[in-house]
Amino acid sequence: MPKLRKMLGSADSEEVTALMRAMETQSLTTLAGWALRCAEERYLPLLPPEERFTDAVSAVHRHLSGELPKSGLRPFLAQARKAAQETEGAVEQAAARAVATACAVAQTPTNALGFTFYGAAAAAYHELGLSAGQDCYDARAAEEFTALRRLLEAVSVEAEPHPVHLQWNC
């Protein structure tokens with residue numbers, strides 16, 4: 001069985017570069033909402049029920065609707081990170097990290113890229129199993145990045161007047 005990585009993808013790949021460029025054009029609110037919806041729809045269903053993830057998702061929804069200040073997110077994000085660290089199984093751990101990291105976009109916008117790397121791993125391991133070759137995983141990850149970019153483009157604000165400033169450290 002190949003050694004499974006926690007994340008799949010490369011910041012140098014065509015798919016990831018296109019996704020990064022799309023992220024740079026959007027506001028923090030748009031990025032956080034997109035990441036949250038993707039995590040809820042694509043990766044949360046891969047996890048067994050865990051209150052700390054659903055609480056974090058709910059808290060981010062409340063924050064984005066103006067009901068919860070950014071400072072109120074901290075305990076929920078910390079609990080989601082802890083739950084992700086405690087999650088076992090390759091698919092589940094990648095999905096848990098994707099959900100926790102997507103929730104944290106509301107606080108740290110560069111997490112918008114990080115959650116996609118975890119999400120790519122979760123999708124690839126879920127669909128291909130745990131014994132496929134690295135080339136298969138990489139191809140599936142590329143498909144996931146393209147799908148995530150399309151989902152971002154679908155909710156993007158054209159000529160966003162307040163795009164978030166993203167400094168990529170990758």
# chains A, B, ... in the order shown; residues from 1 in each chain; ligands from 1
$ select_by_dssp --residues "stretch 130-159 of chain A" --states "alpha helix (DSSP H)" --output "ChimeraX atom specification"
/A:134-155
$ closest_atom_pairs --of "stretch 44-74 of chain A" --to "stretch 98-106 of chain A" --cutoff "9 Å" --atoms "only C-alpha atoms" --output "tab-separated table"
residue	atom	partner	partner_atom	distance
A:Leu44	CA	A:Val99	CA	6.5
A:Phe53	CA	A:Ala100	CA	6.9
A:Ala56	CA	A:Cys103	CA	6.6
A:Val57	CA	A:Cys103	CA	6.3
A:Ala59	CA	A:Cys103	CA	8.7
A:Val60	CA	A:Cys103	CA	6.3
A:His63	CA	A:Ala106	CA	8.2
A:Leu64	CA	A:Ala106	CA	8.0
A:Lys70	CA	A:Ala106	CA	7.7
A:Leu73	CA	A:Ala104	CA	8.5
A:Arg74	CA	A:Ala104	CA	8.9
$ closest_residue --among "A:Gly9, A:Glu86, A:Glu67, A:Ala120" --to "A:Ala39" --atoms "only C-alpha atoms"
A:Ala120
$ closest_residue --among "A:Ala123, A:Leu130, A:Ala96, A:Ala112" --to "A:Ala35" --atoms "only C-alpha atoms"
A:Ala112
$ residues_around --residues "A:Arg81" --least-positions-apart "3" --cutoff "8 Å" --atoms "only C-alpha atoms" --output "list in words"
Leu77, Ala78, Ala84, Gln85, Arg97, Ala100 and Thr101 of chain A
$ closest_residue --among "A:Arg52, A:Ala139, A:Pro45, A:His162" --to "A:Gln79" --atoms "only C-alpha atoms"
A:Arg52
$ closest_residue --among "A:Thr25, A:Glu15, A:Ser65, A:Ala121" --to "A:Val157" --atoms "only C-alpha atoms"
A:Thr25
$ residues_around --residues "A:Leu151" --least-positions-apart "6" --cutoff "10 Å" --atoms "only C-alpha atoms" --output "ChimeraX atom specification"
/A:34-35,37-38,145
$ atom_distance --atom1 "atom CA of A:Glu41" --atom2 "atom CA of A:Pro161"
28.1 Å
$ closest_residue --among "A:Ala83, A:Leu4, A:Glu50, A:Leu113" --to "A:Leu148" --atoms "only C-alpha atoms"
A:Leu113
$ decode --residues "stretch 99-116 of chain A" --atoms "N, CA, C and O atoms" --output "short mmCIF file (atom, residue, chain, number, x, y, z; two decimals), in the first residue's frame"
data_model
loop_
_atom_site.label_atom_id
_atom_site.label_comp_id
_atom_site.auth_asym_id
_atom_site.auth_seq_id
_atom_site.Cartn_x
_atom_site.Cartn_y
_atom_site.Cartn_z
N VAL A 99 -12.69 20.24 6.64
CA VAL A 99 -13.81 20.96 7.27
C VAL A 99 -13.28 21.98 8.28
O VAL A 99 -13.69 23.15 8.26
N ALA A 100 -12.37 21.57 9.14
CA ALA A 100 -11.84 22.49 10.15
C ALA A 100 -11.12 23.67 9.50
O ALA A 100 -11.28 24.82 9.92
N THR A 101 -10.36 23.39 8.46
CA THR A 101 -9.60 24.45 7.78
C THR A 101 -10.53 25.36 7.00
O THR A 101 -10.34 26.59 6.96
N ALA A 102 -11.55 24.81 6.37
CA ALA A 102 -12.54 25.63 5.65
C ALA A 102 -13.25 26.57 6.62
O ALA A 102 -13.48 27.74 6.29
N CYS A 103 -13.59 26.08 7.79
CA CYS A 103 -14.24 26.94 8.78
C CYS A 103 -13.32 28.10 9.19
O CYS A 103 -13.78 29.22 9.42
N ALA A 104 -12.04 27.84 9.23
CA ALA A 104 -11.06 28.85 9.66
C ALA A 104 -10.79 29.92 8.61
O ALA A 104 -10.13 30.91 8.91
N VAL A 105 -11.31 29.76 7.41
CA VAL A 105 -11.12 30.78 6.37
C VAL A 105 -11.69 32.12 6.84
O VAL A 105 -11.13 33.18 6.55
N ALA A 106 -12.78 32.09 7.58
CA ALA A 106 -13.40 33.32 8.07
C ALA A 106 -12.45 34.12 8.94
O ALA A 106 -12.57 35.34 9.05
N GLN A 107 -11.47 33.46 9.54
CA GLN A 107 -10.50 34.11 10.40
C GLN A 107 -9.16 34.33 9.69
O GLN A 107 -8.52 35.36 9.88
N THR A 108 -8.75 33.37 8.87
CA THR A 108 -7.46 33.40 8.18
C THR A 108 -7.71 33.07 6.71
O THR A 108 -7.85 31.90 6.35
N PRO A 109 -7.78 34.08 5.85
CA PRO A 109 -8.19 33.84 4.46
C PRO A 109 -7.30 32.89 3.66
O PRO A 109 -7.79 32.22 2.75
N THR A 110 -6.02 32.79 3.99
CA THR A 110 -5.16 31.87 3.24
C THR A 110 -5.52 30.41 3.48
O THR A 110 -5.11 29.55 2.71
N ASN A 111 -6.33 30.15 4.49
CA ASN A 111 -6.82 28.78 4.70
C ASN A 111 -7.72 28.34 3.55
O ASN A 111 -8.00 27.15 3.41
N ALA A 112 -8.16 29.29 2.73
CA ALA A 112 -8.98 28.94 1.57
C ALA A 112 -8.23 27.99 0.64
O ALA A 112 -8.84 27.12 0.02
N LEU A 113 -6.93 28.14 0.55
CA LEU A 113 -6.15 27.22 -0.26
C LEU A 113 -5.88 25.93 0.50
O LEU A 113 -6.01 24.84 -0.04
N GLY A 114 -5.54 26.04 1.77
CA GLY A 114 -5.22 24.85 2.57
C GLY A 114 -6.34 23.84 2.62
O GLY A 114 -6.11 22.64 2.50
N PHE A 115 -7.57 24.32 2.78
CA PHE A 115 -8.68 23.37 2.87
C PHE A 115 -8.83 22.57 1.58
O PHE A 115 -9.24 21.42 1.60
N THR A 116 -8.46 23.19 0.44
CA THR A 116 -8.60 22.47 -0.83
C THR A 116 -7.62 21.31 -0.94
O THR A 116 -7.95 20.28 -1.54
#
